[in-house]
Amino acid sequence: MIFNKNSVIDGLIIPVFKPLNWTSFDVVKKLRNDFKKAFKLKKIKVGHAGTLDPLATGLLLVCTGKSTKIIEKLQNLEKTYLATFYFGKTTPSFDMETDFDKSFPIDHISENLIIETLKYFTGNIEQKPPIYSALKFKGTRMYEIARKGENIDIDFRNVTIHEFKMLNNNFPEFDFKIRCSKGTYIRSLANDFGKKIKSGAYLKYLERYSIGKYTLKDSYTIGSISKALLNN
């Protein structure tokens with residue numbers, strides 16, 4: 001990919017690897033500042049096409065210039081994740097952002113039960129987004145409401161799980177490949193899965209591997225982009 005002033009303004013779609021503990025906005029802010037500095041621009045439009053939680057890693061599509069006009073189209077593309085569910089415990093955030101709140105029995109869990117349960121979460125399903133999310137409720141980010149200890153009634157949303165496949169059994173952890181539609185919360189999927197098998201579960205690890213035709217293997221690190229800009 002060519003990083004120069006014209007290409008950035010005309011519009012790039014950059015597949016970026018989002019590191020652990022970075023927010024999606026952190027990535028956008030860093031690259032926007034790098035572009036402005038490298039090409040002496042007062043301003044440049046930069047945005048991303050689909051948020052990744054800070055504790056998730058993987059593919060983030062960053063759009064520049066005129067390509068920011070197609071962000072919504074890119075957000076609608078199918079996504080693929082590699083995920084690890086840990087069974088027997090839950091957290092309020094459904095991932096490792098918050099401490100464990102409950103423990104559950106796991107002696108009855110087998111690989112066959114896991115595989116059999118996958119079919120209940122394949123196809124068109126309903127799920128509630130986690131309260132620890134950036135979605136807004138009456139103008140306030142839900143995670144802000146959650147951190148105050150308040151409860152809200154979250155509506156179910158329709159999402160589609162195109163593929164849900166077990167990859168590894170490291171009991172009480174299981175690794176999965178999940179190919180899904182826009183708006184799917186893998187954290188909610190882990191929580192619901194735990195309930196379905198009469199136990200509990202939280203999302204221990206998440207990496208986004210692909211968005212439409214864009215894949216992680218073709219992505220750039222933030223450092224490699226910064227280095228390329230320095231050489232312009």
# chains A, B, ... in the order shown; residues from 1 in each chain; ligands from 1
>>> residues_around(residues="segment 123-137 of chain A", least_positions_apart="6", cutoff="10 Å", atoms="only C-alpha atoms", output="ChimeraX atom specification")
/A:51,53,92-95,97-98,143-147,150-164,180-181,183-189,191-192
>>> write_last_selection(atoms="N, CA, C and O atoms", output="compact mmCIF listing (two decimals), in the first residue's frame")
# COMPACT_ATOMS: atom_id res chain seq x y z
N THR A 51 -15.96 -1.32 15.61
CA THR A 51 -15.21 -1.27 16.86
C THR A 51 -14.73 -2.64 17.31
O THR A 51 -15.44 -3.64 17.19
N ASP A 53 -13.26 -4.22 20.99
CA ASP A 53 -13.06 -3.90 22.40
C ASP A 53 -11.57 -3.81 22.73
O ASP A 53 -10.75 -4.47 22.08
N PRO A 92 -19.40 -9.68 35.10
CA PRO A 92 -20.46 -8.75 34.69
C PRO A 92 -20.29 -8.22 33.27
O PRO A 92 -21.28 -7.92 32.59
N SER A 93 -19.04 -8.12 32.80
CA SER A 93 -18.79 -7.59 31.45
C SER A 93 -18.78 -8.69 30.39
O SER A 93 -18.65 -8.40 29.20
N PHE A 94 -18.89 -9.95 30.82
CA PHE A 94 -18.84 -11.13 29.95
C PHE A 94 -17.45 -11.40 29.38
O PHE A 94 -17.28 -12.29 28.55
N ASP A 95 -16.45 -10.59 29.82
CA ASP A 95 -15.07 -10.84 29.40
C ASP A 95 -14.17 -10.58 30.60
O ASP A 95 -14.63 -10.62 31.75
N GLU A 97 -12.65 -7.82 31.51
CA GLU A 97 -12.58 -6.43 31.95
C GLU A 97 -12.95 -6.30 33.43
O GLU A 97 -12.42 -5.46 34.15
N THR A 98 -13.88 -7.14 33.88
CA THR A 98 -14.35 -7.09 35.27
C THR A 98 -14.01 -8.40 35.98
O THR A 98 -13.74 -9.42 35.35
N TYR A 143 -21.61 1.38 29.19
CA TYR A 143 -20.59 0.99 30.17
C TYR A 143 -20.49 2.02 31.30
O TYR A 143 -20.10 1.68 32.42
N GLU A 144 -20.85 3.28 31.02
CA GLU A 144 -20.86 4.29 32.07
C GLU A 144 -21.97 4.01 33.08
O GLU A 144 -21.80 4.20 34.29
N ILE A 145 -23.11 3.55 32.57
CA ILE A 145 -24.23 3.18 33.44
C ILE A 145 -23.84 1.96 34.28
O ILE A 145 -24.10 1.91 35.48
N ALA A 146 -23.20 0.98 33.63
CA ALA A 146 -22.82 -0.25 34.32
C ALA A 146 -21.83 0.03 35.44
O ALA A 146 -21.91 -0.57 36.52
N ARG A 147 -20.89 0.92 35.20
CA ARG A 147 -19.86 1.22 36.21
C ARG A 147 -20.43 1.95 37.42
O ARG A 147 -19.80 1.99 38.48
N GLU A 150 -25.78 0.59 38.04
CA GLU A 150 -27.19 0.68 37.68
C GLU A 150 -27.55 -0.40 36.66
O GLU A 150 -26.71 -0.85 35.88
N ASN A 151 -28.82 -0.80 36.70
CA ASN A 151 -29.33 -1.81 35.76
C ASN A 151 -30.27 -1.16 34.76
O ASN A 151 -31.01 -0.24 35.11
N ILE A 152 -30.23 -1.63 33.52
CA ILE A 152 -31.15 -1.16 32.50
C ILE A 152 -31.70 -2.36 31.74
O ILE A 152 -31.09 -3.43 31.71
N ASP A 153 -32.87 -2.19 31.14
CA ASP A 153 -33.49 -3.26 30.38
C ASP A 153 -33.01 -3.16 28.93
O ASP A 153 -33.41 -2.25 28.20
N ILE A 154 -32.15 -4.07 28.54
CA ILE A 154 -31.57 -4.04 27.19
C ILE A 154 -32.41 -4.89 26.25
O ILE A 154 -32.76 -6.03 26.57
N ASP A 155 -32.74 -4.34 25.10
CA ASP A 155 -33.55 -5.07 24.12
C ASP A 155 -32.72 -6.13 23.41
O ASP A 155 -31.51 -5.97 23.20
N PHE A 156 -33.41 -7.21 23.00
CA PHE A 156 -32.76 -8.22 22.17
C PHE A 156 -32.52 -7.66 20.78
O PHE A 156 -33.25 -6.79 20.29
N ARG A 157 -31.47 -8.17 20.14
CA ARG A 157 -31.16 -7.81 18.76
C ARG A 157 -31.03 -9.07 17.93
O ARG A 157 -30.57 -10.10 18.41
N ASN A 158 -31.45 -8.97 16.67
CA ASN A 158 -31.31 -10.10 15.75
C ASN A 158 -29.95 -10.05 15.07
O ASN A 158 -29.59 -9.02 14.49
N VAL A 159 -29.21 -11.14 15.15
CA VAL A 159 -27.93 -11.27 14.48
C VAL A 159 -27.87 -12.63 13.79
O VAL A 159 -28.71 -13.50 14.04
N THR A 160 -26.89 -12.79 12.93
CA THR A 160 -26.75 -14.06 12.21
C THR A 160 -25.37 -14.64 12.43
O THR A 160 -24.36 -13.97 12.21
N ILE A 161 -25.35 -15.90 12.87
CA ILE A 161 -24.08 -16.64 13.03
C ILE A 161 -23.99 -17.59 11.84
O ILE A 161 -24.71 -18.59 11.76
N HIS A 162 -23.12 -17.28 10.89
CA HIS A 162 -23.01 -18.07 9.67
C HIS A 162 -22.24 -19.37 9.92
O HIS A 162 -22.53 -20.40 9.30
N GLU A 163 -21.27 -19.30 10.81
CA GLU A 163 -20.45 -20.49 11.12
C GLU A 163 -19.99 -20.40 12.57
O GLU A 163 -19.56 -19.35 13.04
N PHE A 164 -20.13 -21.52 13.28
CA PHE A 164 -19.72 -21.60 14.69
C PHE A 164 -19.08 -22.97 14.87
O PHE A 164 -19.75 -23.99 14.91
N CYS A 180 -19.81 -14.25 11.46
CA CYS A 180 -21.09 -13.67 11.86
C CYS A 180 -21.39 -12.34 11.18
O CYS A 180 -20.56 -11.77 10.48
N SER A 181 -22.58 -11.86 11.43
CA SER A 181 -23.05 -10.60 10.84
C SER A 181 -22.63 -9.41 11.70
O SER A 181 -22.16 -9.55 12.83
N GLY A 183 -22.94 -6.42 14.22
CA GLY A 183 -23.71 -6.26 15.44
C GLY A 183 -23.65 -7.43 16.40
O GLY A 183 -24.25 -7.37 17.48
N THR A 184 -22.94 -8.50 16.02
CA THR A 184 -22.83 -9.67 16.90
C THR A 184 -21.83 -9.38 18.02
O THR A 184 -20.71 -8.93 17.76
N TYR A 185 -22.23 -9.65 19.24
CA TYR A 185 -21.33 -9.52 20.38
C TYR A 185 -20.87 -10.91 20.80
O TYR A 185 -21.66 -11.73 21.27
N ILE A 186 -19.59 -11.18 20.60
CA ILE A 186 -19.05 -12.50 20.95
C ILE A 186 -19.07 -12.69 22.45
O ILE A 186 -19.25 -13.81 22.94
N ARG A 187 -18.94 -11.62 23.22
CA ARG A 187 -19.05 -11.71 24.68
C ARG A 187 -20.43 -12.22 25.10
O ARG A 187 -20.56 -13.06 25.99
N SER A 188 -21.47 -11.69 24.45
CA SER A 188 -22.83 -12.14 24.75
C SER A 188 -23.03 -13.59 24.33
O SER A 188 -23.72 -14.36 25.00
N LEU A 189 -22.40 -13.97 23.23
CA LEU A 189 -22.48 -15.34 22.75
C LEU A 189 -21.88 -16.29 23.78
O LEU A 189 -22.44 -17.35 24.08
N ASN A 191 -21.57 -15.76 27.04
CA ASN A 191 -22.45 -15.77 28.21
C ASN A 191 -23.69 -16.64 27.98
O ASN A 191 -24.08 -17.45 28.84
N ASP A 192 -24.31 -16.48 26.81
CA ASP A 192 -25.50 -17.26 26.48
C ASP A 192 -25.19 -18.74 26.34
O ASP A 192 -25.99 -19.60 26.71
>>> select_by_dssp(residues="segment 75-196 of chain A", states="alpha helix (DSSP H)", output="PDB file with N, CA and C atoms, in the first residue's frame")
ATOM      1  N   GLN A  75     -18.910  -1.609   7.458  1.00  0.00           N
ATOM      2  CA  GLN A  75     -19.405  -2.113   8.734  1.00  0.00           C
ATOM      3  C   GLN A  75     -20.398  -3.262   8.545  1.00  0.00           C
ATOM      4  N   GLU A 111     -16.919 -32.520  25.491  1.00  0.00           N
ATOM      5  CA  GLU A 111     -16.726 -32.002  24.133  1.00  0.00           C
ATOM      6  C   GLU A 111     -17.976 -32.236  23.286  1.00  0.00           C
ATOM      7  N   ASN A 112     -18.617 -33.389  23.476  1.00  0.00           N
ATOM      8  CA  ASN A 112     -19.841 -33.679  22.720  1.00  0.00           C
ATOM      9  C   ASN A 112     -20.947 -32.687  23.051  1.00  0.00           C
ATOM     10  N   LEU A 113     -21.059 -32.316  24.340  1.00  0.00           N
ATOM     11  CA  LEU A 113     -22.078 -31.333  24.728  1.00  0.00           C
ATOM     12  C   LEU A 113     -21.789 -29.986  24.068  1.00  0.00           C
ATOM     13  N   ILE A 114     -20.535 -29.589  24.048  1.00  0.00           N
ATOM     14  CA  ILE A 114     -20.158 -28.318  23.408  1.00  0.00           C
ATOM     15  C   ILE A 114     -20.526 -28.339  21.927  1.00  0.00           C
ATOM     16  N   ILE A 115     -20.149 -29.408  21.249  1.00  0.00           N
ATOM     17  CA  ILE A 115     -20.418 -29.521  19.811  1.00  0.00           C
ATOM     18  C   ILE A 115     -21.919 -29.556  19.531  1.00  0.00           C
ATOM     19  N   GLU A 116     -22.662 -30.275  20.371  1.00  0.00           N
ATOM     20  CA  GLU A 116     -24.110 -30.369  20.191  1.00  0.00           C
ATOM     21  C   GLU A 116     -24.785 -29.013  20.393  1.00  0.00           C
ATOM     22  N   THR A 117     -24.243 -28.219  21.301  1.00  0.00           N
ATOM     23  CA  THR A 117     -24.851 -26.926  21.624  1.00  0.00           C
ATOM     24  C   THR A 117     -24.580 -25.870  20.557  1.00  0.00           C
ATOM     25  N   LEU A 118     -23.541 -26.065  19.771  1.00  0.00           N
ATOM     26  CA  LEU A 118     -23.208 -25.091  18.726  1.00  0.00           C
ATOM     27  C   LEU A 118     -24.384 -24.816  17.793  1.00  0.00           C
ATOM     28  N   MET A 142     -23.476   2.769  27.638  1.00  0.00           N
ATOM     29  CA  MET A 142     -23.960   1.781  28.589  1.00  0.00           C
ATOM     30  C   MET A 142     -22.904   1.384  29.610  1.00  0.00           C
ATOM     31  N   TYR A 143     -21.614   1.375  29.194  1.00  0.00           N
ATOM     32  CA  TYR A 143     -20.589   0.995  30.168  1.00  0.00           C
ATOM     33  C   TYR A 143     -20.489   2.020  31.298  1.00  0.00           C
ATOM     34  N   GLU A 144     -20.854   3.277  31.020  1.00  0.00           N
ATOM     35  CA  GLU A 144     -20.858   4.291  32.072  1.00  0.00           C
ATOM     36  C   GLU A 144     -21.966   4.011  33.079  1.00  0.00           C
ATOM     37  N   ILE A 145     -23.111   3.549  32.568  1.00  0.00           N
ATOM     38  CA  ILE A 145     -24.228   3.178  33.442  1.00  0.00           C
ATOM     39  C   ILE A 145     -23.845   1.958  34.277  1.00  0.00           C
ATOM     40  N   ALA A 146     -23.204   0.982  33.626  1.00  0.00           N
ATOM     41  CA  ALA A 146     -22.819  -0.253  34.318  1.00  0.00           C
ATOM     42  C   ALA A 146     -21.830   0.031  35.440  1.00  0.00           C
ATOM     43  N   ARG A 147     -20.886   0.924  35.203  1.00  0.00           N
ATOM     44  CA  ARG A 147     -19.860   1.219  36.209  1.00  0.00           C
ATOM     45  C   ARG A 147     -20.427   1.952  37.424  1.00  0.00           C
ATOM     46  N   ILE A 186     -19.590 -11.179  20.602  1.00  0.00           N
ATOM     47  CA  ILE A 186     -19.049 -12.496  20.946  1.00  0.00           C
ATOM     48  C   ILE A 186     -19.074 -12.694  22.455  1.00  0.00           C
ATOM     49  N   ARG A 187     -18.944 -11.616  23.218  1.00  0.00           N
ATOM     50  CA  ARG A 187     -19.051 -11.713  24.680  1.00  0.00           C
ATOM     51  C   ARG A 187     -20.429 -12.218  25.098  1.00  0.00           C
ATOM     52  N   SER A 188     -21.469 -11.693  24.454  1.00  0.00           N
ATOM     53  CA  SER A 188     -22.834 -12.144  24.753  1.00  0.00           C
ATOM     54  C   SER A 188     -23.026 -13.593  24.329  1.00  0.00           C
ATOM     55  N   LEU A 189     -22.396 -13.968  23.227  1.00  0.00           N
ATOM     56  CA  LEU A 189     -22.478 -15.340  22.751  1.00  0.00           C
ATOM     57  C   LEU A 189     -21.876 -16.292  23.784  1.00  0.00           C
ATOM     58  N   ALA A 190     -20.732 -15.923  24.360  1.00  0.00           N
ATOM     59  CA  ALA A 190     -20.102 -16.750  25.389  1.00  0.00           C
ATOM     60  C   ALA A 190     -21.005 -16.882  26.617  1.00  0.00           C
ATOM     61  N   ASN A 191     -21.571 -15.760  27.043  1.00  0.00           N
ATOM     62  CA  ASN A 191     -22.453 -15.768  28.212  1.00  0.00           C
ATOM     63  C   ASN A 191     -23.688 -16.639  27.979  1.00  0.00           C
ATOM     64  N   ASP A 192     -24.311 -16.479  26.815  1.00  0.00           N
ATOM     65  CA  ASP A 192     -25.505 -17.260  26.485  1.00  0.00           C
ATOM     66  C   ASP A 192     -25.187 -18.743  26.335  1.00  0.00           C
ATOM     67  N   PHE A 193     -24.023 -19.041  25.792  1.00  0.00           N
ATOM     68  CA  PHE A 193     -23.599 -20.429  25.613  1.00  0.00           C
ATOM     69  C   PHE A 193     -23.467 -21.105  26.978  1.00  0.00           C
ATOM     70  N   GLY A 194     -22.847 -20.394  27.920  1.00  0.00           N
ATOM     71  CA  GLY A 194     -22.692 -20.936  29.265  1.00  0.00           C
ATOM     72  C   GLY A 194     -24.026 -21.255  29.909  1.00  0.00           C
ATOM     73  N   LYS A 195     -24.993 -20.361  29.740  1.00  0.00           N
ATOM     74  CA  LYS A 195     -26.335 -20.594  30.289  1.00  0.00           C
ATOM     75  C   LYS A 195     -27.001 -21.811  29.636  1.00  0.00           C
ATOM     76  N   LYS A 196     -26.806 -21.944  28.322  1.00  0.00           N
ATOM     77  CA  LYS A 196     -27.456 -23.025  27.583  1.00  0.00           C
ATOM     78  C   LYS A 196     -27.006 -24.393  28.080  1.00  0.00           C
TER      79      LYS A 196
END
>>> atom_distance(atom1="atom CA of Leu230 of chain A", atom2="atom CA of Gly58 of chain A")
24.2 Å
>>> atom_distance(atom1="atom CA of Phe25 of chain A", atom2="atom CA of Cys63 of chain A")
12.3 Å
>>> select_by_dssp(residues="segment 98-219 of chain A", states="strand (DSSP E)", output="short mmCIF file (atom, residue, chain, number, x, y, z; two decimals) with C-alpha atoms, in the first residue's frame")
data_model
loop_
_atom_site.label_atom_id
_atom_site.label_comp_id
_atom_site.auth_asym_id
_atom_site.auth_seq_id
_atom_site.Cartn_x
_atom_site.Cartn_y
_atom_site.Cartn_z
CA LYS A 102 -20.18 -16.25 40.03
CA SER A 103 -18.93 -19.85 39.75
CA GLY A 123 -28.23 -19.16 11.98
CA ASN A 124 -30.50 -16.26 12.93
CA ILE A 125 -30.47 -15.75 16.71
CA GLU A 126 -31.44 -13.14 19.26
CA GLN A 127 -28.97 -11.74 21.76
CA LYS A 136 -25.86 4.35 24.05
CA PHE A 137 -28.93 4.18 26.28
CA THR A 140 -25.32 7.69 27.78
CA ARG A 141 -22.74 5.00 27.02
CA ARG A 157 -31.16 -7.81 18.76
CA ASN A 158 -31.31 -10.10 15.75
CA VAL A 159 -27.93 -11.27 14.48
CA THR A 160 -26.75 -14.06 12.21
CA ILE A 161 -24.08 -16.64 13.03
CA HIS A 162 -23.01 -18.07 9.67
CA GLU A 163 -20.45 -20.49 11.12
CA PHE A 164 -19.72 -21.60 14.69
CA LYS A 165 -17.03 -24.25 14.92
CA MET A 166 -15.03 -25.70 17.81
CA LEU A 167 -11.28 -25.64 17.13
CA ASN A 168 -9.62 -26.83 20.35
CA ASN A 169 -10.57 -28.45 23.65
CA ASN A 170 -8.45 -27.19 26.56
CA GLU A 173 -11.51 -23.56 27.89
CA PHE A 174 -12.66 -24.15 24.32
CA ASP A 175 -11.49 -22.33 21.19
CA PHE A 176 -13.96 -21.43 18.45
CA LYS A 177 -14.12 -19.98 14.97
CA ILE A 178 -17.14 -17.69 14.57
CA ARG A 179 -18.27 -16.12 11.30
CA CYS A 180 -21.09 -13.67 11.86
CA ALA A 201 -18.91 -18.83 30.65
CA TYR A 202 -16.99 -15.69 29.81
CA LEU A 203 -14.92 -14.57 26.84
CA LYS A 204 -11.24 -15.04 27.68
CA TYR A 205 -9.70 -14.21 24.29
CA LEU A 206 -10.91 -12.64 21.06
CA GLU A 207 -9.16 -11.92 17.78
CA ARG A 208 -10.91 -10.65 14.66
CA TYR A 209 -9.47 -12.45 11.68
CA SER A 210 -11.43 -11.06 8.74
CA ILE A 211 -13.91 -8.41 7.59
CA TYR A 214 -9.91 -8.19 4.23
CA THR A 215 -7.91 -10.57 6.42
#
>>> atom_distance(atom1="atom CA of Ser226 of chain A", atom2="atom CA of Asp10 of chain A")
19.1 Å
>>> closest_residue(among="A:Lys213, A:His48, A:Lys43, A:Lys37", to="Thr23 of chain A", atoms="only C-alpha atoms")
A:His48
